[in-house]
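Participant: So that we are looking at the same thing, I have put the structure below in structure tokens.
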Amino acid sequence: MAGLYVHIPWCVRKCPYCDFNSHEIRTKFEEAKYVERVVADIYDELQTHPLELKTVYFGGGTPSLFSPDSFRRILATLGDSQPTEVTMEANPGTTEHADFERYRKAGITRVSVGAQSFNELHLKTLGRIHGPREAKQAIKRALTAGFDSVNVDLMYGLPDQTIAQAREDLNTATALGPHHISWYELTIEPNTVFAKNPPKLASTDYRSEMEDAGVRLLEENGYTRYEVSAYARNGLICEHNLNYWTFGDYIGVGAGAHGKRTTKNGIIRTAKARMPESYMNGIGGTCSQITDSDLPVEFMMNVLRLSRGVDECLFNRRTELPFDTIQATVDRLRSWDLMHPNRLQLTTRGLRQLNGVVAEFLSSSEISNQ
């Protein structure tokens with residue numbers, strides 16, 4: 001069982017915080033040509049590495065710029081696979097005239113709406129092309145279209161954002177009633193506009209208070225935190241992302257898409273050609289093996305994001321390395337009350353210090369590389 005990630009690289013405007021492989025539409029984009037390349041790519045991947053695809057995720061960029069027929073064409077390539085979850089990202093500002101029901105009939109079962117905020121000033125700071133009204137409208141229309149699940153993306157820790165404003169964003173979202181909310185902190189990534197001209201952010205302590213207030217509000221409204229930034233009602237988690245976080249295999253197709261697969265010779269990472277033109281013209285990507293010394297940190301930086309963690313036995317199942325490889329680091333973290341006993345799961349304190357915990361495994365990896 002594996003996932004399929006399909007990258008749609010175009011967007012109306014590149015946001016200043018975005019470090020994804022997205023490209024602004026200057027005149028037009030070659031949707032039909034791109035879809036045919038994706039179809040051929042999926043076919044080649046499945047011929048070379050037959051896998052049963054459990055989930056599909058269309059990310060970007062802005063996938064909702066593509067027509068429902070394009071998604072139908074791509075999904076028809078999956079052969080005998082019958083994925084139980086097919087997600088499409090959609091941005092307000094690109095969906096006003098789209099018929100969400102047509103996307104559902106094309107095979108989309110889950111929509112993720114990139115609202116980011118419902119505050120006019122914060123949306124302008126983030127460079128979004130929509131306002132609060134468009135965001136609410138997109139969510140309402142997605143919820144009435146009959147999808148199995150609708151997610152809303154929101155950010156916190158924004159420039160000049162108060163705790164009250166962050167709570168108001170969440171109150172607005174929960175009142176609309178989506179099945180899932182992704183609520184994550186703004187981070188300044190390299191090679192972005194914000195990296196070149198950093199906005200002034202609140203202190204780490206204030207952002208931590210903001211997070212605590214938001215977690216409480218979400219839980220009070222029936223949203224269970226199952227990953228650092230993911231909250232679901234009625235168990236409607238994102239199965240595709242759960243596969244990432246449990247270090248499962250997935251195929252990545254589309255410009256700049258990454259993939260991971262387990263072979264008899266080890267675990268392989270793949271990356272497709274980054275530029276859309278290069279990808280459409282058949283330029284090859286890269287393929288590299290994860291070394292045994294890097295596998296522990298790669299595994300742990302994913303599974304420790306999960307609120308409930310994973311069984312210890314999953315380490316050996318996914319990496320084929322003995323648990324002794326990480327035993328010393330795990331014991332040290334448990335002695336510091338950062339990790340629960342008998343399970344690869346962080347305590348509440350450990351979850352607050354996730355980056356520091358992962359750094360412990362990174363240090364161990366660097367020592368073994370010396």
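Following the order of the structure tokens, chains are lettered A, B, ..., residues in each are numbered from 1, and ligands are numbered from 1.
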Dump as CSV the rows for residues of segment 2-91 of chain A within 9 Å of segment 138-149 of chain A: closest atom pair and distance in Å with one decimal, only C-alpha atoms counted, ordered by chain and rising residue number.
Facilitator:
residue,atom,partner,partner_atom,distance
A:Glu85,CA,A:Asp148,CA,8.5
A:Thr87,CA,A:Ser149,CA,9.0
A:Ala90,CA,A:Ala138,CA,8.6
A:Asn91,CA,A:Ala138,CA,8.1
Participant: Given the selection you just returned, output its residues as a file containing N, CA, C and O atoms, formatted as a PDB file, in the first residue's frame.
Facilitator:
ATOM      1  N   GLU A  85      -9.005   7.665  -0.506  1.00  0.00           N
ATOM      2  CA  GLU A  85      -8.963   9.098  -0.218  1.00  0.00           C
ATOM      3  C   GLU A  85      -8.238   9.809  -1.360  1.00  0.00           C
ATOM      4  O   GLU A  85      -7.113   9.452  -1.701  1.00  0.00           O
ATOM      5  N   THR A  87      -7.378  13.724  -2.326  1.00  0.00           N
ATOM      6  CA  THR A  87      -7.430  15.110  -1.861  1.00  0.00           C
ATOM      7  C   THR A  87      -7.015  16.080  -2.960  1.00  0.00           C
ATOM      8  O   THR A  87      -6.070  15.821  -3.701  1.00  0.00           O
ATOM      9  N   ALA A  90      -7.354  23.540  -2.767  1.00  0.00           N
ATOM     10  CA  ALA A  90      -8.088  24.595  -3.470  1.00  0.00           C
ATOM     11  C   ALA A  90      -7.891  25.914  -2.736  1.00  0.00           C
ATOM     12  O   ALA A  90      -8.009  25.957  -1.506  1.00  0.00           O
ATOM     13  N   ASN A  91      -7.575  26.945  -3.468  1.00  0.00           N
ATOM     14  CA  ASN A  91      -7.380  28.256  -2.860  1.00  0.00           C
ATOM     15  C   ASN A  91      -8.554  29.172  -3.144  1.00  0.00           C
ATOM     16  O   ASN A  91      -8.988  29.288  -4.293  1.00  0.00           O
TER      17      ASN A  91
END
Participant: Could you pull the residues within 9 Å of Val228 of chain A, counting only C-alpha atoms, minus those fewer than 5 positions along the same chain, as a VMD selection string?
Facilitator: chain A and resid 183 to 184 304 to 307 351 354
Participant: Contacts of Lys136 of chain A at 9 Å or less, counting only C-alpha atoms, minus same-chain residues fewer than 2 places along, as a list of chain:residue names?
Facilitator: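 Result of the neighbour search: A:Pro92, A:Ala115, A:Phe118, A:Gly131, A:Pro132, A:Arg133, A:Glu134, A:Ala138, A:Ile139, A:Lys140, A:Arg141, A:Thr172, A:Ala173, A:Leu176.
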Participant: What's the 12 Å shell around Glu220 of chain A, counting only C-alpha atoms, without same-chain residues fewer than 4 positions away, as a ChimeraX atom specification?
Facilitator: /A:170-171,174,213-216,224-225,231,233
Participant: Show me, as a Markdown table, the residues of segment 107-206 of chain A having an atom within 10 Å of segment 63-74 of chain A, each with the closest atom pair and its distance in Å, using only C-alpha atoms.
Facilitator:
| residue | atom | partner | partner_atom | distance |
| --- | --- | --- | --- | --- |
| A:Gly107 | CA | A:Arg72 | CA | 6.4 |
| A:Ile108 | CA | A:Phe71 | CA | 7.9 |
| A:Val111 | CA | A:Ser64 | CA | 9.7 |
| A:Val113 | CA | A:Ser64 | CA | 9.8 |
Participant: Contacts between segment 239-258 of chain A and segment 11-60 of chain A, please, where a residue of segment 11-60 of chain A counts if it comes within 8 Å (with only C-alpha atoms); show its shortest atom pair and distance in Å to one decimal, rows by chain and ascending number, as a Markdown table.
Facilitator:
| residue | atom | partner | partner_atom | distance |
| --- | --- | --- | --- | --- |
| A:Asn21 | CA | A:Gly256 | CA | 6.4 |
| A:Val38 | CA | A:Gly254 | CA | 5.9 |
| A:Asp41 | CA | A:Val253 | CA | 6.5 |
| A:Ile42 | CA | A:Val253 | CA | 6.8 |
| A:Glu45 | CA | A:Ile251 | CA | 7.5 |
| A:Thr55 | CA | A:His240 | CA | 5.5 |
| A:Val56 | CA | A:His240 | CA | 6.9 |
| A:Tyr57 | CA | A:His240 | CA | 6.9 |
Participant: Between A:Gln82, A:Ser208, A:Ser278, A:Ser364, which residue has the minimum interatomic distance to Val297 of chain A, considering only C-alpha atoms?
Facilitator: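 Of A:Gln82, A:Ser208, A:Ser278, A:Ser364, the one nearest Val297 of chain A, counting only C-alpha atoms, is A:Ser364.
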Participant: Can you tell me which residues surround segment 12-16 of chain A at a distance of at most 6 Å, considering only C-alpha atoms, apart from same-chain residues fewer than 3 positions away, and format the answer as a PDB file with N, CA, C and O atoms, in the first residue's frame?
Facilitator:
ATOM      1  N   GLU A  24       4.163  31.536 -10.774  1.00  0.00           N
ATOM      2  CA  GLU A  24       3.061  32.433 -11.125  1.00  0.00           C
ATOM      3  C   GLU A  24       2.695  32.290 -12.599  1.00  0.00           C
ATOM      4  O   GLU A  24       3.564  32.117 -13.455  1.00  0.00           O
ATOM      5  N   ILE A  25       1.403  32.376 -12.861  1.00  0.00           N
ATOM      6  CA  ILE A  25       0.918  32.329 -14.237  1.00  0.00           C
ATOM      7  C   ILE A  25       1.185  33.684 -14.891  1.00  0.00           C
ATOM      8  O   ILE A  25       0.642  34.704 -14.452  1.00  0.00           O
ATOM      9  N   GLY A 127       0.037  38.047   1.348  1.00  0.00           N
ATOM     10  CA  GLY A 127       0.024  38.094  -0.114  1.00  0.00           C
ATOM     11  C   GLY A 127      -1.063  37.263  -0.757  1.00  0.00           C
ATOM     12  O   GLY A 127      -0.964  36.913  -1.933  1.00  0.00           O
ATOM     13  N   THR A 192      12.655  32.742   0.191  1.00  0.00           N
ATOM     14  CA  THR A 192      11.317  33.324   0.059  1.00  0.00           C
ATOM     15  C   THR A 192      11.433  34.841   0.179  1.00  0.00           C
ATOM     16  O   THR A 192      12.457  35.372   0.627  1.00  0.00           O
ATOM     17  N   VAL A 193      10.372  35.522  -0.190  1.00  0.00           N
ATOM     18  CA  VAL A 193      10.355  36.991  -0.051  1.00  0.00           C
ATOM     19  C   VAL A 193      10.499  37.385   1.415  1.00  0.00           C
ATOM     20  O   VAL A 193      11.213  38.334   1.752  1.00  0.00           O
ATOM     21  N   PHE A 194       9.833  36.638   2.301  1.00  0.00           N
ATOM     22  CA  PHE A 194       9.946  36.939   3.732  1.00  0.00           C
ATOM     23  C   PHE A 194      11.366  36.720   4.255  1.00  0.00           C
ATOM     24  O   PHE A 194      11.793  37.386   5.201  1.00  0.00           O
TER      25      PHE A 194
END
Participant: Would you give me, as a PyMOL selection string, the residues in segment 205-300 of chain A that DSSP reads as helix (DSSP H, G or I)?
Facilitator: chain A and resi 205-220+239-245+276-280+295-300
Participant: Once DSSP has gone over the backbone, tell me which residues of segment 152-298 of chain A are in strand (DSSP E), as a VMD selection string.
Facilitator: chain A and resid 152 to 156 180 to 185 224 to 227 230 to 232 250 to 253 258 to 263 266 to 271 286 to 289
Participant: Could the residues in this selection be saved with N, CA and C atoms as an mmCIF file, in the first residue's frame?
Facilitator:
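Saved the output as again37.cif:
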data_model
loop_
_atom_site.group_PDB
_atom_site.id
_atom_site.type_symbol
_atom_site.label_atom_id
_atom_site.label_comp_id
_atom_site.auth_asym_id
_atom_site.auth_seq_id
_atom_site.Cartn_x
_atom_site.Cartn_y
_atom_site.Cartn_z
ATOM 1 N N VAL A 152 -9.579 22.867 6.333
ATOM 2 C CA VAL A 152 -9.282 24.290 6.224
ATOM 3 C C VAL A 152 -7.875 24.528 6.752
ATOM 4 N N ASP A 153 -7.034 25.155 5.931
ATOM 5 C CA ASP A 153 -5.681 25.539 6.335
ATOM 6 C C ASP A 153 -5.705 26.918 6.970
ATOM 7 N N LEU A 154 -5.124 27.033 8.174
ATOM 8 C CA LEU A 154 -4.988 28.319 8.849
ATOM 9 C C LEU A 154 -3.579 28.446 9.401
ATOM 10 N N MET A 155 -3.086 29.694 9.471
ATOM 11 C CA MET A 155 -1.761 29.954 10.016
ATOM 12 C C MET A 155 -1.876 30.821 11.268
ATOM 13 N N TYR A 156 -0.900 30.677 12.157
ATOM 14 C CA TYR A 156 -0.828 31.570 13.316
ATOM 15 C C TYR A 156 0.607 32.052 13.483
ATOM 16 N N HIS A 180 -11.934 18.888 9.261
ATOM 17 C CA HIS A 180 -10.501 18.849 9.578
ATOM 18 C C HIS A 180 -9.953 20.272 9.514
ATOM 19 N N ILE A 181 -9.057 20.597 10.427
ATOM 20 C CA ILE A 181 -8.386 21.908 10.406
ATOM 21 C C ILE A 181 -6.886 21.683 10.536
ATOM 22 N N SER A 182 -6.122 22.273 9.614
ATOM 23 C CA SER A 182 -4.666 22.293 9.729
ATOM 24 C C SER A 182 -4.277 23.690 10.208
ATOM 25 N N TRP A 183 -3.734 23.751 11.412
ATOM 26 C CA TRP A 183 -3.416 25.044 12.044
ATOM 27 C C TRP A 183 -1.925 25.035 12.363
ATOM 28 N N TYR A 184 -1.166 25.797 11.608
ATOM 29 C CA TYR A 184 0.282 25.711 11.736
ATOM 30 C C TYR A 184 0.917 27.089 11.817
ATOM 31 N N GLU A 185 2.088 27.115 12.422
ATOM 32 C CA GLU A 185 2.782 28.377 12.685
ATOM 33 C C GLU A 185 3.520 28.871 11.442
ATOM 34 N N THR A 224 -9.798 16.890 17.498
ATOM 35 C CA THR A 224 -8.749 16.164 18.201
ATOM 36 C C THR A 224 -7.414 16.372 17.489
ATOM 37 N N ARG A 225 -6.414 16.736 18.250
ATOM 38 C CA ARG A 225 -5.071 16.925 17.688
ATOM 39 C C ARG A 225 -4.405 15.559 17.537
ATOM 40 N N TYR A 226 -4.120 15.179 16.295
ATOM 41 C CA TYR A 226 -3.467 13.890 16.074
ATOM 42 C C TYR A 226 -2.068 14.041 15.501
ATOM 43 N N GLU A 227 -1.716 15.266 15.127
ATOM 44 C CA GLU A 227 -0.376 15.591 14.626
ATOM 45 C C GLU A 227 -0.096 17.017 15.036
ATOM 46 N N ALA A 230 -2.331 19.210 12.927
ATOM 47 C CA ALA A 230 -3.526 18.645 12.301
ATOM 48 C C ALA A 230 -4.568 18.245 13.349
ATOM 49 N N TYR A 231 -5.815 18.641 13.094
ATOM 50 C CA TYR A 231 -6.909 18.432 14.032
ATOM 51 C C TYR A 231 -8.123 17.897 13.251
ATOM 52 N N ALA A 232 -8.737 16.838 13.772
ATOM 53 C CA ALA A 232 -9.840 16.215 13.048
ATOM 54 C C ALA A 232 -11.034 15.973 13.965
ATOM 55 N N TYR A 250 5.563 6.333 -1.019
ATOM 56 C CA TYR A 250 4.674 7.103 -1.885
ATOM 57 C C TYR A 250 5.396 7.445 -3.175
ATOM 58 N N ILE A 251 4.611 7.546 -4.231
ATOM 59 C CA ILE A 251 5.106 7.959 -5.542
ATOM 60 C C ILE A 251 4.879 9.461 -5.674
ATOM 61 N N GLY A 252 5.855 10.172 -6.192
ATOM 62 C CA GLY A 252 5.704 11.595 -6.444
ATOM 63 C C GLY A 252 5.837 11.881 -7.929
ATOM 64 N N VAL A 253 4.815 12.486 -8.530
ATOM 65 C CA VAL A 253 4.879 12.867 -9.938
ATOM 66 C C VAL A 253 4.497 14.329 -10.073
ATOM 67 N N HIS A 258 8.491 14.912 -4.980
ATOM 68 C CA HIS A 258 9.381 13.958 -4.322
ATOM 69 C C HIS A 258 8.628 12.665 -4.041
ATOM 70 N N GLY A 259 9.360 11.565 -4.019
ATOM 71 C CA GLY A 259 8.783 10.273 -3.698
ATOM 72 C C GLY A 259 9.703 9.473 -2.796
ATOM 73 N N LYS A 260 9.177 8.403 -2.221
ATOM 74 C CA LYS A 260 9.966 7.511 -1.368
ATOM 75 C C LYS A 260 9.478 6.087 -1.590
ATOM 76 N N ARG A 261 10.401 5.179 -1.766
ATOM 77 C CA ARG A 261 9.990 3.785 -1.904
ATOM 78 C C ARG A 261 11.035 2.868 -1.269
ATOM 79 N N THR A 262 10.535 1.772 -0.751
ATOM 80 C CA THR A 262 11.381 0.769 -0.119
ATOM 81 C C THR A 262 11.681 -0.328 -1.125
ATOM 82 N N THR A 263 12.952 -0.611 -1.344
ATOM 83 C CA THR A 263 13.365 -1.646 -2.287
ATOM 84 C C THR A 263 14.175 -2.699 -1.544
ATOM 85 N N GLY A 266 17.320 -1.138 -0.213
ATOM 86 C CA GLY A 266 17.275 0.000 0.695
ATOM 87 C C GLY A 266 16.141 0.953 0.354
ATOM 88 N N ILE A 267 16.099 2.087 1.042
ATOM 89 C CA ILE A 267 15.043 3.083 0.851
ATOM 90 C C ILE A 267 15.547 4.177 -0.088
ATOM 91 N N ILE A 268 14.743 4.465 -1.102
ATOM 92 C CA ILE A 268 15.134 5.384 -2.166
ATOM 93 C C ILE A 268 14.290 6.651 -2.098
ATOM 94 N N ARG A 269 14.932 7.791 -2.291
ATOM 95 C CA ARG A 269 14.240 9.064 -2.454
ATOM 96 C C ARG A 269 14.322 9.468 -3.926
ATOM 97 N N THR A 270 13.197 9.941 -4.473
ATOM 98 C CA THR A 270 13.184 10.401 -5.857
ATOM 99 C C THR A 270 12.744 11.858 -5.908
ATOM 100 N N ALA A 271 13.158 12.555 -6.956
ATOM 101 C CA ALA A 271 12.736 13.937 -7.182
ATOM 102 C C ALA A 271 12.635 14.174 -8.682
ATOM 103 N N THR A 286 16.000 12.883 -10.184
ATOM 104 C CA THR A 286 17.106 12.286 -9.439
ATOM 105 C C THR A 286 16.590 11.147 -8.568
ATOM 106 N N CYS A 287 17.498 10.285 -8.195
ATOM 107 C CA CYS A 287 17.183 9.137 -7.356
ATOM 108 C C CYS A 287 18.376 8.884 -6.443
ATOM 109 N N SER A 288 18.149 8.802 -5.135
ATOM 110 C CA SER A 288 19.257 8.579 -4.206
ATOM 111 C C SER A 288 18.806 7.689 -3.065
ATOM 112 N N GLN A 289 19.750 6.957 -2.513
ATOM 113 C CA GLN A 289 19.439 6.041 -1.418
ATOM 114 C C GLN A 289 19.707 6.719 -0.083
#
Participant: Please report the interatomic distance between atom CA of Met210 of chain A and atom CA of Gln161 of chain A in Å with one decimal.
Facilitator: 9.5 Å
Participant: Calculated over only C-alpha atoms, which of the candidates A:Pro341, A:Ile237, A:Cys11, A:Ser293 has the smallest distance to Thr27 of chain A?
Facilitator: A:Cys11
Participant: Tell me, in Å to one decimal, how far atom CA of Gly59 of chain A is from atom CA of His7 of chain A.
Facilitator: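 These atoms are spaced 5.1 Å apart.
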Participant: Residues at most 10 Å from Leu362 of chain A, counting only C-alpha atoms, excluding those fewer than 6 positions away in the same chain, as a list of chain:residue names?
Facilitator: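 Once the adjacent positions are removed, what remains is A:Ser293, A:Asp294, A:Pro296, A:Val297, A:Glu298, A:Met300, A:Met301, A:Gly356, A:Ser368.
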Participant: Go ahead and dump the residues you just picked, N, CA, C and O atoms, as a PDB file, in the first residue's frame.
Facilitator:
ATOM      1  N   SER A 293      22.861   5.510   8.260  1.00  0.00           N
ATOM      2  CA  SER A 293      23.115   6.480   9.324  1.00  0.00           C
ATOM      3  C   SER A 293      22.086   7.613   9.319  1.00  0.00           C
ATOM      4  O   SER A 293      21.836   8.235  10.357  1.00  0.00           O
ATOM      5  N   ASP A 294      21.472   7.889   8.157  1.00  0.00           N
ATOM      6  CA  ASP A 294      20.467   8.949   8.066  1.00  0.00           C
ATOM      7  C   ASP A 294      19.040   8.449   8.300  1.00  0.00           C
ATOM      8  O   ASP A 294      18.139   9.241   8.579  1.00  0.00           O
ATOM      9  N   PRO A 296      17.562   6.757  10.804  1.00  0.00           N
ATOM     10  CA  PRO A 296      16.908   7.016  12.092  1.00  0.00           C
ATOM     11  C   PRO A 296      16.314   8.415  12.207  1.00  0.00           C
ATOM     12  O   PRO A 296      15.161   8.566  12.631  1.00  0.00           O
ATOM     13  N   VAL A 297      17.074   9.446  11.816  1.00  0.00           N
ATOM     14  CA  VAL A 297      16.545  10.811  11.943  1.00  0.00           C
ATOM     15  C   VAL A 297      15.416  11.049  10.952  1.00  0.00           C
ATOM     16  O   VAL A 297      14.431  11.725  11.270  1.00  0.00           O
ATOM     17  N   GLU A 298      15.507  10.456   9.744  1.00  0.00           N
ATOM     18  CA  GLU A 298      14.423  10.605   8.763  1.00  0.00           C
ATOM     19  C   GLU A 298      13.133   9.983   9.309  1.00  0.00           C
ATOM     20  O   GLU A 298      12.044  10.541   9.153  1.00  0.00           O
ATOM     21  N   MET A 300      12.405   9.340  12.590  1.00  0.00           N
ATOM     22  CA  MET A 300      11.934   9.973  13.819  1.00  0.00           C
ATOM     23  C   MET A 300      11.351  11.364  13.578  1.00  0.00           C
ATOM     24  O   MET A 300      10.396  11.764  14.243  1.00  0.00           O
ATOM     25  N   MET A 301      11.892  12.112  12.632  1.00  0.00           N
ATOM     26  CA  MET A 301      11.376  13.459  12.398  1.00  0.00           C
ATOM     27  C   MET A 301       9.954  13.415  11.833  1.00  0.00           C
ATOM     28  O   MET A 301       9.236  14.419  11.899  1.00  0.00           O
ATOM     29  N   GLY A 356      13.977  20.416  18.949  1.00  0.00           N
ATOM     30  CA  GLY A 356      15.108  20.033  19.785  1.00  0.00           C
ATOM     31  C   GLY A 356      15.237  18.532  19.927  1.00  0.00           C
ATOM     32  O   GLY A 356      16.349  17.983  19.946  1.00  0.00           O
ATOM     33  N   SER A 368      27.601   9.118  14.001  1.00  0.00           N
ATOM     34  CA  SER A 368      27.816   7.832  13.335  1.00  0.00           C
ATOM     35  C   SER A 368      28.411   8.011  11.945  1.00  0.00           C
ATOM     36  O   SER A 368      29.000   7.086  11.401  1.00  0.00           O
TER      37      SER A 368
END
